[in-house]
Amino acid sequence: STERTPLVCIITPGSELADAVLGLAKRLKKEVLSVSMGEGQNIVARKAIDTGISIGNWVLLQNAHMSIPFLETLQGSMAKLETIEPLFRLWITSHPHDEFPLGILQMSVRVANEAPRGIKASLKRTYASLTQDVVDAVGTPEWRMLLFVTSFLHAVLQERRSFGAI
């Protein structure tokens with residue numbers, strides 16, 4: 001991405017990209033100004049974006065589908081900006097929405113992170129997110145069994161959620 005190319009993260013049930021963005025920022029030693037969009041947050045978001053543009057911070061607008069009119073004004077103001085700090089990045093998380101501004105979608109990099117389908121895929125995703133330090137945190141064999149059982153239970157619950165309250 002570039003300073004003029006926002007990153008739009010499409011969130012689906014069971015997936016949360018804000019933690020991944022914050023983890024990436026921490027690993028790259030970037031400061032993130034995070035705003036959870038909703039009623040009355042447009043002014044806070046505008047200030048965060050202005051600060052990010054001037055000093056090169058990342059800005060994370062979470063749940064942007066809650067404030068579609070703000071995104072429409074943001075689309076016009078991003079195109080008119082003359083100088084932007086090269087380290088600035090704008091991250092937008094949103095559920096799919098019919099009225100999401102097409103201009104932002106066309107000028108952005110789009111990312112979708114769907115929840116894994118199936119128990120095997122869910123277990124792979126869980127274990128991929130664990131570091132070796134977590135696996136080796138406790139020296140007893142029961143720890144690894146407990147880790148597997150908890151991961152397996154989580155995978156089963158996530159898979160059962162698709163069936164509703166049967």
# chains A, B, ... in the order shown; residues from 1 in each chain; ligands from 1
call {"tool": "residues_around", "arguments": {"residues": "Ser54 in chain A", "least_positions_apart": "3", "cutoff": "9 Å", "atoms": "only C-alpha atoms", "output": "CSV table (one decimal) with N, CA, C and O atoms, in the first residue's frame"}}
result
chain,number,residue,atom,x,y,z
A,49,ILE,N,-7.1,11.0,11.6
A,49,ILE,CA,-6.6,10.9,10.2
A,49,ILE,C,-5.7,12.2,10.0
A,49,ILE,O,-4.6,12.0,9.4
A,50,ASP,N,-6.1,13.3,10.4
A,50,ASP,CA,-5.3,14.5,10.2
A,50,ASP,C,-4.0,14.4,11.0
A,50,ASP,O,-2.9,14.7,10.4
A,51,THR,N,-4.0,13.8,12.2
A,51,THR,CA,-2.7,13.6,12.9
A,51,THR,C,-1.9,12.6,12.2
A,51,THR,O,-0.6,12.8,12.0
A,57,ASN,N,1.5,8.4,11.2
A,57,ASN,CA,1.0,7.3,12.0
A,57,ASN,C,0.1,6.5,11.1
A,57,ASN,O,-0.4,6.9,10.1
A,83,THR,N,-0.2,17.0,0.3
A,83,THR,CA,1.0,16.4,0.9
A,83,THR,C,0.5,15.5,2.0
A,83,THR,O,-0.3,15.8,2.9
A,84,ILE,N,1.1,14.3,2.0
A,84,ILE,CA,0.8,13.3,3.0
A,84,ILE,C,2.2,12.7,3.4
A,84,ILE,O,3.0,12.4,2.6
A,85,GLU,N,2.3,12.5,4.7
A,85,GLU,CA,3.6,11.9,5.2
A,85,GLU,C,3.7,10.5,4.6
A,85,GLU,O,2.7,9.7,4.7
A,88,PHE,N,2.3,7.3,6.4
A,88,PHE,CA,0.9,7.2,6.8
A,88,PHE,C,0.2,6.1,6.1
A,88,PHE,O,0.4,5.8,4.9
call {"tool": "residues_around", "arguments": {"residues": "Ala121 in chain A", "least_positions_apart": "4", "cutoff": "12 Å", "atoms": "only C-alpha atoms", "output": "MDAnalysis selection string"}}
result
chainID A and resid 114:117 125:128 151:152 154:156 158:159
call {"tool": "residues_around", "arguments": {"residues": "range 89-91 of chain A", "least_positions_apart": "5", "cutoff": "6 Å", "atoms": "only C-alpha atoms", "output": "count of residues only"}}
result
6
call {"tool": "select_by_dssp", "arguments": {"residues": "range 74-128 of chain A", "states": "strand (DSSP E)", "output": "list of chain:residue names"}}
result
A:Arg89, A:Leu90, A:Trp91, A:Ile92, A:Thr93, A:Ser94, A:Val109, A:Arg110, A:Val111, A:Ala112, A:Asn113
call {"tool": "residues_around", "arguments": {"residues": "range 26-39 of chain A", "least_positions_apart": "5", "cutoff": "8 Å", "atoms": "only C-alpha atoms", "output": "list in words"}}
result
Val44, Ala45, Ala48, Gly52, Asn57, Trp58, Val59, Leu60, Leu61, Gln62, Asn63, Ala64, Met66 and Ser67 of chain A
call {"tool": "write_last_selection", "arguments": {"atoms": "N, CA and C atoms", "output": "PDB file, in the first residue's frame"}}
result
ATOM      1  N   VAL A  44     -13.705  12.459  15.997  1.00  0.00           N
ATOM      2  CA  VAL A  44     -12.526  11.768  16.522  1.00  0.00           C
ATOM      3  C   VAL A  44     -11.745  11.126  15.375  1.00  0.00           C
ATOM      4  N   ALA A  45     -12.465  10.514  14.444  1.00  0.00           N
ATOM      5  CA  ALA A  45     -11.810   9.876  13.296  1.00  0.00           C
ATOM      6  C   ALA A  45     -11.108  10.908  12.424  1.00  0.00           C
ATOM      7  N   ALA A  48      -7.908  11.929  14.110  1.00  0.00           N
ATOM      8  CA  ALA A  48      -6.911  10.863  14.015  1.00  0.00           C
ATOM      9  C   ALA A  48      -6.299  10.816  12.622  1.00  0.00           C
ATOM     10  N   GLY A  52      -2.466  11.478  11.708  1.00  0.00           N
ATOM     11  CA  GLY A  52      -1.719  10.452  10.979  1.00  0.00           C
ATOM     12  C   GLY A  52      -1.095  10.978   9.705  1.00  0.00           C
ATOM     13  N   ASN A  57       1.547   8.425  11.242  1.00  0.00           N
ATOM     14  CA  ASN A  57       1.017   7.291  12.005  1.00  0.00           C
ATOM     15  C   ASN A  57       0.067   6.470  11.148  1.00  0.00           C
ATOM     16  N   TRP A  58      -0.215   5.261  11.610  1.00  0.00           N
ATOM     17  CA  TRP A  58      -1.260   4.459  11.008  1.00  0.00           C
ATOM     18  C   TRP A  58      -2.562   4.816  11.693  1.00  0.00           C
ATOM     19  N   VAL A  59      -3.652   4.796  10.944  1.00  0.00           N
ATOM     20  CA  VAL A  59      -4.981   5.055  11.500  1.00  0.00           C
ATOM     21  C   VAL A  59      -5.854   3.846  11.185  1.00  0.00           C
ATOM     22  N   LEU A  60      -6.517   3.325  12.209  1.00  0.00           N
ATOM     23  CA  LEU A  60      -7.392   2.168  12.063  1.00  0.00           C
ATOM     24  C   LEU A  60      -8.822   2.601  12.380  1.00  0.00           C
ATOM     25  N   LEU A  61      -9.678   2.584  11.355  1.00  0.00           N
ATOM     26  CA  LEU A  61     -11.092   2.885  11.536  1.00  0.00           C
ATOM     27  C   LEU A  61     -11.842   1.559  11.592  1.00  0.00           C
ATOM     28  N   GLN A  62     -12.287   1.191  12.796  1.00  0.00           N
ATOM     29  CA  GLN A  62     -12.966  -0.083  12.976  1.00  0.00           C
ATOM     30  C   GLN A  62     -14.469   0.083  12.789  1.00  0.00           C
ATOM     31  N   ASN A  63     -15.098  -0.945  12.219  1.00  0.00           N
ATOM     32  CA  ASN A  63     -16.547  -0.963  12.003  1.00  0.00           C
ATOM     33  C   ASN A  63     -17.022   0.267  11.224  1.00  0.00           C
ATOM     34  N   ALA A  64     -16.359   0.524  10.112  1.00  0.00           N
ATOM     35  CA  ALA A  64     -16.675   1.708   9.306  1.00  0.00           C
ATOM     36  C   ALA A  64     -18.064   1.642   8.683  1.00  0.00           C
ATOM     37  N   MET A  66     -20.626   1.440  10.164  1.00  0.00           N
ATOM     38  CA  MET A  66     -21.507   2.175  11.066  1.00  0.00           C
ATOM     39  C   MET A  66     -21.556   3.663  10.716  1.00  0.00           C
ATOM     40  N   SER A  67     -20.656   4.114   9.827  1.00  0.00           N
ATOM     41  CA  SER A  67     -20.574   5.539   9.517  1.00  0.00           C
ATOM     42  C   SER A  67     -20.304   5.751   8.024  1.00  0.00           C
TER      43      SER A  67
END
call {"tool": "atom_distance", "arguments": {"atom1": "CA of Thr12 in chain A", "atom2": "CA of Ile68 in chain A"}}
result
17.8 Å
call {"tool": "residues_around", "arguments": {"residues": "Gly76 in chain A", "least_positions_apart": "6", "cutoff": "12 Å", "atoms": "only C-alpha atoms", "output": "list in words"}}
result
Pro69, Phe70, Pro101, Leu102, Gly103, Ile104 and Met107 of chain A
call {"tool": "write_last_selection", "arguments": {"atoms": "N, CA and C atoms", "output": "PDB file, in the first residue's frame"}}
result
ATOM      1  N   PRO A  69     -21.774   7.815   5.832  1.00  0.00           N
ATOM      2  CA  PRO A  69     -21.632   9.212   5.376  1.00  0.00           C
ATOM      3  C   PRO A  69     -20.221   9.769   5.604  1.00  0.00           C
ATOM      4  N   PHE A  70     -19.576   9.376   6.697  1.00  0.00           N
ATOM      5  CA  PHE A  70     -18.208   9.825   6.940  1.00  0.00           C
ATOM      6  C   PHE A  70     -17.267   9.285   5.868  1.00  0.00           C
ATOM      7  N   PRO A 101     -18.917   3.263  -0.035  1.00  0.00           N
ATOM      8  CA  PRO A 101     -18.525   4.092  -1.187  1.00  0.00           C
ATOM      9  C   PRO A 101     -17.619   3.348  -2.171  1.00  0.00           C
ATOM     10  N   LEU A 102     -18.050   3.299  -3.416  1.00  0.00           N
ATOM     11  CA  LEU A 102     -17.293   2.583  -4.443  1.00  0.00           C
ATOM     12  C   LEU A 102     -15.932   3.220  -4.699  1.00  0.00           C
ATOM     13  N   GLY A 103     -15.842   4.537  -4.550  1.00  0.00           N
ATOM     14  CA  GLY A 103     -14.564   5.217  -4.769  1.00  0.00           C
ATOM     15  C   GLY A 103     -13.490   4.729  -3.812  1.00  0.00           C
ATOM     16  N   ILE A 104     -13.852   4.521  -2.554  1.00  0.00           N
ATOM     17  CA  ILE A 104     -12.879   4.006  -1.583  1.00  0.00           C
ATOM     18  C   ILE A 104     -12.504   2.577  -1.938  1.00  0.00           C
ATOM     19  N   MET A 107     -10.072   2.641  -4.915  1.00  0.00           N
ATOM     20  CA  MET A 107      -8.729   3.170  -4.678  1.00  0.00           C
ATOM     21  C   MET A 107      -7.962   2.392  -3.608  1.00  0.00           C
TER      22      MET A 107
END
call {"tool": "residues_around", "arguments": {"residues": "Leu17 in chain A", "least_positions_apart": "3", "cutoff": "10 Å", "atoms": "only C-alpha atoms", "output": "PyMOL selection string"}}
result
chain A and resi 9-12+20-23+62+92-94+111-114
call {"tool": "write_last_selection", "arguments": {"atoms": "N, CA and C atoms", "output": "PDB file, in the first residue's frame"}}
result
ATOM      1  N   CYS A   9     -10.376  -3.785   5.079  1.00  0.00           N
ATOM      2  CA  CYS A   9     -10.438  -5.158   5.577  1.00  0.00           C
ATOM      3  C   CYS A   9     -11.901  -5.534   5.758  1.00  0.00           C
ATOM      4  N   ILE A  10     -12.359  -6.492   4.988  1.00  0.00           N
ATOM      5  CA  ILE A  10     -13.739  -6.953   5.084  1.00  0.00           C
ATOM      6  C   ILE A  10     -13.793  -8.006   6.179  1.00  0.00           C
ATOM      7  N   ILE A  11     -14.594  -7.718   7.212  1.00  0.00           N
ATOM      8  CA  ILE A  11     -14.672  -8.657   8.328  1.00  0.00           C
ATOM      9  C   ILE A  11     -15.926  -9.510   8.194  1.00  0.00           C
ATOM     10  N   THR A  12     -15.795 -10.755   8.561  1.00  0.00           N
ATOM     11  CA  THR A  12     -16.897 -11.700   8.530  1.00  0.00           C
ATOM     12  C   THR A  12     -17.057 -12.282   9.926  1.00  0.00           C
ATOM     13  N   ALA A  20      -4.922  -8.339  14.198  1.00  0.00           N
ATOM     14  CA  ALA A  20      -3.827  -8.605  13.262  1.00  0.00           C
ATOM     15  C   ALA A  20      -3.137  -7.310  12.845  1.00  0.00           C
ATOM     16  N   VAL A  21      -3.912  -6.270  12.615  1.00  0.00           N
ATOM     17  CA  VAL A  21      -3.341  -4.968  12.236  1.00  0.00           C
ATOM     18  C   VAL A  21      -2.502  -4.414  13.391  1.00  0.00           C
ATOM     19  N   LEU A  22      -3.047  -4.475  14.604  1.00  0.00           N
ATOM     20  CA  LEU A  22      -2.310  -3.974  15.768  1.00  0.00           C
ATOM     21  C   LEU A  22      -1.043  -4.788  16.019  1.00  0.00           C
ATOM     22  N   GLY A  23      -1.112  -6.098  15.804  1.00  0.00           N
ATOM     23  CA  GLY A  23       0.078  -6.948  15.946  1.00  0.00           C
ATOM     24  C   GLY A  23       1.143  -6.610  14.913  1.00  0.00           C
ATOM     25  N   GLN A  62     -12.287   1.191  12.796  1.00  0.00           N
ATOM     26  CA  GLN A  62     -12.966  -0.083  12.976  1.00  0.00           C
ATOM     27  C   GLN A  62     -14.469   0.083  12.789  1.00  0.00           C
ATOM     28  N   ILE A  92      -9.123   0.366   7.228  1.00  0.00           N
ATOM     29  CA  ILE A  92     -10.572   0.460   7.455  1.00  0.00           C
ATOM     30  C   ILE A  92     -11.113  -0.959   7.571  1.00  0.00           C
ATOM     31  N   THR A  93     -11.767  -1.269   8.706  1.00  0.00           N
ATOM     32  CA  THR A  93     -12.439  -2.557   8.825  1.00  0.00           C
ATOM     33  C   THR A  93     -13.939  -2.317   8.717  1.00  0.00           C
ATOM     34  N   SER A  94     -14.623  -3.214   7.992  1.00  0.00           N
ATOM     35  CA  SER A  94     -16.052  -3.041   7.767  1.00  0.00           C
ATOM     36  C   SER A  94     -16.687  -4.380   7.425  1.00  0.00           C
ATOM     37  N   VAL A 111      -8.836  -6.557   1.672  1.00  0.00           N
ATOM     38  CA  VAL A 111      -8.392  -7.763   2.363  1.00  0.00           C
ATOM     39  C   VAL A 111      -9.607  -8.415   2.993  1.00  0.00           C
ATOM     40  N   ALA A 112      -9.752  -9.704   2.818  1.00  0.00           N
ATOM     41  CA  ALA A 112     -10.828 -10.447   3.478  1.00  0.00           C
ATOM     42  C   ALA A 112     -10.205 -11.592   4.247  1.00  0.00           C
ATOM     43  N   ASN A 113     -10.651 -11.777   5.454  1.00  0.00           N
ATOM     44  CA  ASN A 113     -10.143 -12.848   6.299  1.00  0.00           C
ATOM     45  C   ASN A 113     -11.337 -13.616   6.833  1.00  0.00           C
ATOM     46  N   GLU A 114     -11.681 -14.678   6.153  1.00  0.00           N
ATOM     47  CA  GLU A 114     -12.843 -15.450   6.556  1.00  0.00           C
ATOM     48  C   GLU A 114     -12.450 -16.498   7.587  1.00  0.00           C
TER      49      GLU A 114
END
